[in-house]
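Q: Sharing a structure below in structure tokens format, with a few things to ask.
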Amino acid sequence: MHSCKGEQQLSEYKLVRKQNRHEKTMVRVKECCIGDGDLTVIAGPCAVEEEEMTFELARALKHMGVHILRGGVFKPRTSPYSFQGLGWNGLEILAAAGQNAGLPVITEVTEAGDVEKVSRYADILQVGSRNMQNFGLLKEMGRSGRPVLLKRGFSATLEEWLLAAEYIMSAGNNQVILCERGIRTFENYTRNTFDINAIPALKRLTHLPVLADPSHGTGRRELVEPVALAAVAAGADGIMVEVHPQPENALSDGFQSLRPHELAPLINRARAVRDALHTGCVAR
Ligand code: PEP
Ligand code: MN
């Protein structure tokens, strides 16, 4: 029988490989559980900017049924002159806004030396696309005791991505979530090309939960919802979406951020897609 390359070269995926662990991994974060069959929604601004705005947005997101609040405070920007994030002050704002709204929080960590301190504030640690193969950071994430959301490097193959997850797991952390966020192709109408193939492929290869980030995957607000729905139809366990109350004034990624009122219908439609597929018509 024909089998693809990824499936032939799996001997090194000791811990991430589906065939080596029969139950799906579920990542529990406070009251929410990623990978339990319900759709997980993570939303929030690209970067934490201002205290009052973050508190208000967090409450609005909670009201819409969002499970986890996102917000970057150490921003890996292409240009050193772009907004770099609020750093530790931003992290305090994010954690307080999450607590106030009753939402767990996720933020990106860019330095291995920051993992322990960020772990005191954040419920989930994010490894960004640009750091997917920062092996020192991955090993430290493995020792963090916190769930880790591992984004796909924008030029990483599925194999490289799974082996990055293997680094975290082999360092002692089995709470790993994969997040497809688009890869770089020749196409430049969109910021990245969301790799829809990755979702069902990963579902075959690994027991880890798989999320989709259609914000970075498209870079265009008007494409976020259709790509989110496609990812859910393809089997994603959840979505991560950038939301900003005034995208036109956002300090980063405003062009791909939804306005809060645009998120609620997206969540409803994404749930409807998920429910339709769970009626048993689609085997997975
Ligand atoms: C982000 O989530 O804000 C981010 C920087 O994402 P990525 O690492 O996928 O570019
Ligand atoms: Mn962003």
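Order determines the names: the first chain of the structure tokens is A, the second B, and so forth; residues in each chain are numbered 1 upward, and ligands are numbered 1 upward as they are shown.
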List as a list of chain:residue names the protein and nucleic acid residues lying within 10 Å of ligand 2, with only C-alpha atoms and all ligand atoms counted.

A: A:Gly44, A:Pro45, A:Cys46, A:Ala47, A:Gly71, A:Gly72, A:Lys75, A:Pro76, A:Arg77, A:Gly128, A:Asp213, A:Ser215, A:His216, A:Gly219, A:Val241, A:Glu242, A:Val243, A:Leu251, A:Ser252, A:Asp253, A:Gly254, A:Phe255, A:Gln256, A:Ser257

Q: Identify all residues of region 24-245 of chain A in strand (DSSP E) (DSSP on the backbone) and supply them as number ranges by chain.

A: A: 27-29, 32-34, 40-44, 68-70, 105-108, 124-127, 148-151, 176-180, 210-212, 238-242

Q: With a cut-off of 9 Å, could you pull out the residues of region 158-195 of chain A touching region 140-153 of chain A and give me the nearest pair of atoms for each, distance in Å to one decimal, using only C-alpha atoms, ordered by chain and ascending number, as a tab-separated table?

A:
```
residue	atom	partner	partner_atom	distance
A:Leu158	CA	A:Arg152	CA	8.2
A:Glu160	CA	A:Gly153	CA	8.7
A:Trp161	CA	A:Arg152	CA	6.1
A:Ala164	CA	A:Leu150	CA	8.3
A:Ala165	CA	A:Leu150	CA	7.1
A:Tyr167	CA	A:Gly142	CA	7.3
A:Ile168	CA	A:Gly142	CA	4.2
A:Met169	CA	A:Gly142	CA	6.0
A:Ser170	CA	A:Gly142	CA	7.2
A:Ala171	CA	A:Gly142	CA	4.5
A:Gly172	CA	A:Gly142	CA	5.3
A:Asn173	CA	A:Gly142	CA	4.7
A:Asn174	CA	A:Pro147	CA	8.0
A:Gln175	CA	A:Pro147	CA	4.7
A:Val176	CA	A:Val148	CA	5.0
A:Ile177	CA	A:Leu149	CA	4.6
A:Leu178	CA	A:Leu150	CA	5.0
A:Cys179	CA	A:Lys151	CA	4.6
A:Glu180	CA	A:Arg152	CA	5.6
A:Arg181	CA	A:Arg152	CA	6.3
A:Gly182	CA	A:Arg152	CA	7.6
A:Ile183	CA	A:Gly153	CA	7.4
```

Q: Which parts of region 76-204 of chain A does DSSP call helix (DSSP H, G or I) when run on the backbone here, written out as JSON, numbers by chain?

A: {"A": [87, 88, 89, 90, 91, 92, 93, 94, 95, 96, 97, 98, 99, 100, 101, 112, 113, 114, 115, 116, 117, 118, 119, 129, 130, 131, 135, 136, 137, 138, 139, 140, 141, 142, 158, 159, 160, 161, 162, 163, 164, 165, 166, 167, 168, 169, 170, 198, 199, 200, 201, 202, 203, 204]}

Q: Could those residues be written to a file, using N, CA and C atoms, as a short mmCIF file (atom, residue, chain, number, x, y, z; two decimals), in the first residue's frame?

A:
```
data_model
loop_
_atom_site.label_atom_id
_atom_site.label_comp_id
_atom_site.auth_asym_id
_atom_site.auth_seq_id
_atom_site.Cartn_x
_atom_site.Cartn_y
_atom_site.Cartn_z
N GLY A 87 6.49 43.95 27.20
CA GLY A 87 7.35 43.20 28.11
C GLY A 87 6.63 42.81 29.39
N TRP A 88 7.37 42.84 30.50
CA TRP A 88 6.82 42.33 31.77
C TRP A 88 5.58 43.10 32.23
N ASN A 89 5.55 44.42 31.96
CA ASN A 89 4.34 45.19 32.34
C ASN A 89 3.14 44.66 31.58
N GLY A 90 3.35 44.35 30.31
CA GLY A 90 2.28 43.81 29.49
C GLY A 90 1.80 42.48 30.03
N LEU A 91 2.73 41.69 30.52
CA LEU A 91 2.36 40.37 31.04
C LEU A 91 1.49 40.51 32.29
N GLU A 92 1.83 41.51 33.12
CA GLU A 92 0.99 41.75 34.31
C GLU A 92 -0.41 42.17 33.89
N ILE A 93 -0.50 43.01 32.86
CA ILE A 93 -1.82 43.46 32.38
C ILE A 93 -2.60 42.26 31.84
N LEU A 94 -1.95 41.43 31.04
CA LEU A 94 -2.63 40.28 30.45
C LEU A 94 -3.16 39.34 31.54
N ALA A 95 -2.29 39.04 32.50
CA ALA A 95 -2.69 38.10 33.56
C ALA A 95 -3.86 38.68 34.37
N ALA A 96 -3.79 39.99 34.66
CA ALA A 96 -4.85 40.62 35.46
C ALA A 96 -6.16 40.67 34.65
N ALA A 97 -6.06 40.96 33.36
CA ALA A 97 -7.26 41.02 32.52
C ALA A 97 -7.91 39.64 32.43
N GLY A 98 -7.09 38.61 32.32
CA GLY A 98 -7.60 37.24 32.26
C GLY A 98 -8.31 36.89 33.56
N GLN A 99 -7.66 37.24 34.65
CA GLN A 99 -8.25 36.93 35.96
C GLN A 99 -9.58 37.66 36.14
N ASN A 100 -9.59 38.93 35.74
CA ASN A 100 -10.80 39.74 35.89
C ASN A 100 -11.96 39.18 35.07
N ALA A 101 -11.63 38.67 33.89
CA ALA A 101 -12.70 38.15 33.01
C ALA A 101 -13.00 36.68 33.26
N ALA A 112 14.77 31.51 26.29
CA ALA A 112 14.75 30.38 27.23
C ALA A 112 14.81 30.88 28.68
N GLY A 113 15.57 31.94 28.91
CA GLY A 113 15.74 32.46 30.27
C GLY A 113 14.47 33.07 30.86
N ASP A 114 13.46 33.33 30.02
CA ASP A 114 12.22 33.94 30.52
C ASP A 114 11.14 32.91 30.85
N VAL A 115 11.38 31.65 30.50
CA VAL A 115 10.31 30.65 30.59
C VAL A 115 9.78 30.53 32.02
N GLU A 116 10.70 30.45 32.97
CA GLU A 116 10.24 30.22 34.35
C GLU A 116 9.39 31.39 34.85
N LYS A 117 9.85 32.62 34.59
CA LYS A 117 9.10 33.79 35.08
C LYS A 117 7.76 33.93 34.36
N VAL A 118 7.75 33.72 33.05
CA VAL A 118 6.47 33.85 32.32
C VAL A 118 5.48 32.79 32.82
N SER A 119 6.01 31.62 33.18
CA SER A 119 5.14 30.53 33.67
C SER A 119 4.38 30.91 34.93
N SER A 129 6.37 31.08 15.57
CA SER A 129 6.84 30.51 14.32
C SER A 129 8.35 30.67 14.13
N ARG A 130 8.83 31.86 14.48
CA ARG A 130 10.26 32.15 14.26
C ARG A 130 11.15 31.38 15.22
N ASN A 131 10.58 30.81 16.25
CA ASN A 131 11.37 30.07 17.25
C ASN A 131 11.11 28.58 17.26
N PHE A 135 16.12 25.29 19.80
CA PHE A 135 16.09 24.06 20.60
C PHE A 135 16.31 24.31 22.09
N GLY A 136 17.09 25.35 22.41
CA GLY A 136 17.27 25.69 23.83
C GLY A 136 15.94 26.10 24.45
N LEU A 137 15.18 26.90 23.69
CA LEU A 137 13.85 27.34 24.16
C LEU A 137 12.91 26.13 24.29
N LEU A 138 12.95 25.24 23.31
CA LEU A 138 12.06 24.07 23.34
C LEU A 138 12.35 23.20 24.56
N LYS A 139 13.64 23.01 24.86
CA LYS A 139 13.99 22.16 26.01
C LYS A 139 13.52 22.81 27.31
N GLU A 140 13.67 24.13 27.39
CA GLU A 140 13.23 24.84 28.59
C GLU A 140 11.70 24.75 28.72
N MET A 141 11.01 24.81 27.59
CA MET A 141 9.55 24.64 27.59
C MET A 141 9.20 23.26 28.13
N GLY A 142 10.04 22.30 27.79
CA GLY A 142 9.82 20.93 28.25
C GLY A 142 9.91 20.82 29.76
N LEU A 158 6.21 19.24 8.03
CA LEU A 158 5.48 18.60 9.15
C LEU A 158 6.45 17.78 10.00
N GLU A 159 7.40 17.16 9.34
CA GLU A 159 8.36 16.33 10.07
C GLU A 159 9.20 17.19 11.04
N GLU A 160 9.68 18.33 10.54
CA GLU A 160 10.48 19.21 11.42
C GLU A 160 9.63 19.72 12.58
N TRP A 161 8.38 20.00 12.27
CA TRP A 161 7.47 20.52 13.31
C TRP A 161 7.22 19.44 14.38
N LEU A 162 6.95 18.23 13.93
CA LEU A 162 6.70 17.15 14.91
C LEU A 162 7.94 16.86 15.74
N LEU A 163 9.10 16.98 15.11
CA LEU A 163 10.33 16.73 15.89
C LEU A 163 10.58 17.87 16.89
N ALA A 164 10.13 19.07 16.55
CA ALA A 164 10.21 20.17 17.53
C ALA A 164 9.31 19.85 18.73
N ALA A 165 8.12 19.31 18.44
CA ALA A 165 7.22 18.89 19.54
C ALA A 165 7.88 17.78 20.36
N GLU A 166 8.60 16.90 19.66
CA GLU A 166 9.29 15.79 20.33
C GLU A 166 10.34 16.34 21.31
N TYR A 167 11.00 17.45 20.94
CA TYR A 167 11.96 18.08 21.86
C TYR A 167 11.29 18.46 23.18
N ILE A 168 10.11 19.06 23.08
CA ILE A 168 9.41 19.51 24.30
C ILE A 168 8.99 18.29 25.12
N MET A 169 8.44 17.30 24.43
CA MET A 169 7.95 16.12 25.14
C MET A 169 9.09 15.32 25.75
N SER A 170 10.20 15.21 25.01
CA SER A 170 11.30 14.39 25.54
C SER A 170 12.00 15.09 26.70
N ALA A 198 -2.17 20.32 6.41
CA ALA A 198 -1.48 19.99 7.67
C ALA A 198 -2.47 19.46 8.71
N ILE A 199 -3.69 19.96 8.69
CA ILE A 199 -4.63 19.60 9.77
C ILE A 199 -4.97 18.09 9.70
N PRO A 200 -5.54 17.60 8.59
CA PRO A 200 -5.83 16.16 8.58
C PRO A 200 -4.56 15.31 8.60
N ALA A 201 -3.46 15.82 8.04
CA ALA A 201 -2.21 15.03 8.07
C ALA A 201 -1.77 14.84 9.52
N LEU A 202 -1.79 15.92 10.30
CA LEU A 202 -1.36 15.80 11.70
C LEU A 202 -2.30 14.91 12.50
N LYS A 203 -3.58 14.96 12.15
CA LYS A 203 -4.54 14.12 12.86
C LYS A 203 -4.22 12.64 12.66
N ARG A 204 -3.64 12.32 11.50
CA ARG A 204 -3.22 10.93 11.26
C ARG A 204 -1.92 10.61 11.99
#
```

Q: Residues of region 23-134 of chain A that approach region 272-276 of chain A to 10 Å or less, counting only C-alpha atoms: could you list each one with the shortest pair of atoms and its distance in Å to one decimal, rows by chain and increasing residue number, as CSV?

A:
```
residue,atom,partner,partner_atom,distance
A:Gly37,CA,A:Arg274,CA,9.1
A:Asp38,CA,A:Arg274,CA,8.1
A:Leu39,CA,A:Arg274,CA,7.2
```

Q: Output C-alpha atoms of each residue in that selection to a file, as a PDB file, in the first residue's frame.

A:
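Written file, again35.pdb:
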```pdb
ATOM      1  CA  GLY A  37     -13.918  17.060  21.148  1.00  0.00           C
ATOM      2  CA  ASP A  38     -15.293  20.550  21.795  1.00  0.00           C
ATOM      3  CA  LEU A  39     -13.988  23.436  19.742  1.00  0.00           C
TER       4      LEU A  39
END
```

Q: So that I can check the surroundings of Gly238 (chain A), please list as a JSON list (two decimals) with all heavy atoms, in the first residue's frame every protein, DNA and RNA residue that reaches within 7 Å of it, counting only C-alpha atoms and ignoring chain neighbours fewer than 3 positions away.

A:
```
[["chain", "number", "residue", "atom", "x", "y", "z"],
["A", 39, "LEU", "N", -14.86, 22.49, 20.44],
["A", 39, "LEU", "CA", -13.99, 23.44, 19.74],
["A", 39, "LEU", "C", -13.44, 24.46, 20.73],
["A", 39, "LEU", "O", -14.21, 25.11, 21.44],
["A", 39, "LEU", "CB", -14.82, 24.14, 18.67],
["A", 39, "LEU", "CG", -14.00, 24.97, 17.70],
["A", 39, "LEU", "CD1", -13.31, 24.08, 16.69],
["A", 39, "LEU", "CD2", -14.91, 25.98, 16.99],
["A", 40, "THR", "N", -12.13, 24.59, 20.78],
["A", 40, "THR", "CA", -11.51, 25.60, 21.66],
["A", 40, "THR", "C", -11.30, 26.89, 20.90],
["A", 40, "THR", "O", -10.81, 26.87, 19.77],
["A", 40, "THR", "CB", -10.15, 25.08, 22.18],
["A", 40, "THR", "OG1", -10.36, 23.86, 22.88],
["A", 40, "THR", "CG2", -9.47, 26.09, 23.08],
["A", 41, "VAL", "N", -11.66, 28.00, 21.53],
["A", 41, "VAL", "CA", -11.44, 29.31, 20.88],
["A", 41, "VAL", "C", -10.49, 30.14, 21.75],
["A", 41, "VAL", "O", -10.77, 30.41, 22.92],
["A", 41, "VAL", "CB", -12.77, 30.07, 20.67],
["A", 41, "VAL", "CG1", -12.51, 31.39, 19.96],
["A", 41, "VAL", "CG2", -13.76, 29.21, 19.88],
["A", 211, "LEU", "N", -4.48, 23.07, 16.54],
["A", 211, "LEU", "CA", -5.26, 24.30, 16.41],
["A", 211, "LEU", "C", -4.90, 24.99, 15.10],
["A", 211, "LEU", "O", -3.88, 24.68, 14.49],
["A", 211, "LEU", "CB", -4.99, 25.27, 17.56],
["A", 211, "LEU", "CG", -5.29, 24.83, 18.99],
["A", 211, "LEU", "CD1", -5.30, 26.05, 19.91],
["A", 211, "LEU", "CD2", -6.60, 24.10, 19.13],
["A", 212, "ALA", "N", -5.75, 25.96, 14.72],
["A", 212, "ALA", "CA", -5.51, 26.72, 13.48],
["A", 212, "ALA", "C", -5.49, 28.20, 13.80],
["A", 212, "ALA", "O", -6.34, 28.69, 14.55],
["A", 212, "ALA", "CB", -6.65, 26.43, 12.50]]
```

Q: Taking only C-alpha atoms into account, name the residue in A:Leu277, A:Leu229, A:Gln19, A:Ala236 that is nearest to Gly35 (chain A).

A: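 Once distances to Gly35 (chain A) are computed over only C-alpha atoms, the minimum belongs to A:Ala236.
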
Q: Contacts of Ala60 (chain A) at 10 Å or less, counting only C-alpha atoms, minus same-chain residues fewer than 4 places along, as a PyMOL selection string?

A: chain A and resi 54-56+64-66+101+260-261+264

Q: Which of these, A:Tyr81, A:Tyr13, A:Phe154, A:Tyr121, has the shortest distance to ligand 1 once you count only C-alpha atoms and all ligand atoms?

A: A:Phe154

Q: Would you mind reading off the distance between CA of Glu52 (chain A) and CA of Gly217 (chain A), one decimal, in Å?

A: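 Pair CA of Glu52 (chain A) / CA of Gly217 (chain A) returns 28.7 Å.
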
Q: When you look at Val105 (chain A) with a cut-off of 7 Å (counting only C-alpha atoms), what residues show up, excluding the ones that are within fewer than 5 positions of it in the same chain? I need them as a PDB file with N, CA and C atoms, in the first residue's frame.

A:
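Writing the result to result18.pdb gives the following:
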```pdb
ATOM      1  N   ILE A  68      -9.918  31.130  25.992  1.00  0.00           N
ATOM      2  CA  ILE A  68      -8.570  31.527  26.425  1.00  0.00           C
ATOM      3  C   ILE A  68      -8.233  32.881  25.811  1.00  0.00           C
ATOM      4  N   LEU A  69      -7.636  33.763  26.628  1.00  0.00           N
ATOM      5  CA  LEU A  69      -7.246  35.098  26.166  1.00  0.00           C
ATOM      6  C   LEU A  69      -5.793  35.075  25.686  1.00  0.00           C
ATOM      7  N   ARG A  70      -5.560  35.586  24.476  1.00  0.00           N
ATOM      8  CA  ARG A  70      -4.185  35.671  23.981  1.00  0.00           C
ATOM      9  C   ARG A  70      -3.711  37.119  24.009  1.00  0.00           C
ATOM     10  N   ALA A  95      -2.290  39.040  32.503  1.00  0.00           N
ATOM     11  CA  ALA A  95      -2.690  38.104  33.564  1.00  0.00           C
ATOM     12  C   ALA A  95      -3.857  38.683  34.372  1.00  0.00           C
ATOM     13  N   GLY A  98      -7.088  38.612  32.325  1.00  0.00           N
ATOM     14  CA  GLY A  98      -7.603  37.245  32.264  1.00  0.00           C
ATOM     15  C   GLY A  98      -8.311  36.891  33.562  1.00  0.00           C
ATOM     16  N   ALA A 122       1.410  33.093  33.039  1.00  0.00           N
ATOM     17  CA  ALA A 122       0.628  32.600  31.895  1.00  0.00           C
ATOM     18  C   ALA A 122       0.223  31.146  32.102  1.00  0.00           C
ATOM     19  N   ASP A 123      -0.963  30.805  31.634  1.00  0.00           N
ATOM     20  CA  ASP A 123      -1.457  29.426  31.756  1.00  0.00           C
ATOM     21  C   ASP A 123      -0.927  28.543  30.636  1.00  0.00           C
ATOM     22  N   ILE A 124      -0.681  29.152  29.472  1.00  0.00           N
ATOM     23  CA  ILE A 124      -0.103  28.406  28.344  1.00  0.00           C
ATOM     24  C   ILE A 124       1.044  29.245  27.785  1.00  0.00           C
TER      25      ILE A 124
END
```

Q: Check the smallest atom-to-atom distance from each of A:Pro214, A:Pro247, A:Gly102, A:Pro80 to ligand 1 using only C-alpha atoms and all ligand atoms, then report the winner.

A: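 Checking each of A:Pro214, A:Pro247, A:Gly102, A:Pro80 against ligand 1, counting only C-alpha atoms and all ligand atoms, the winner is A:Pro214.
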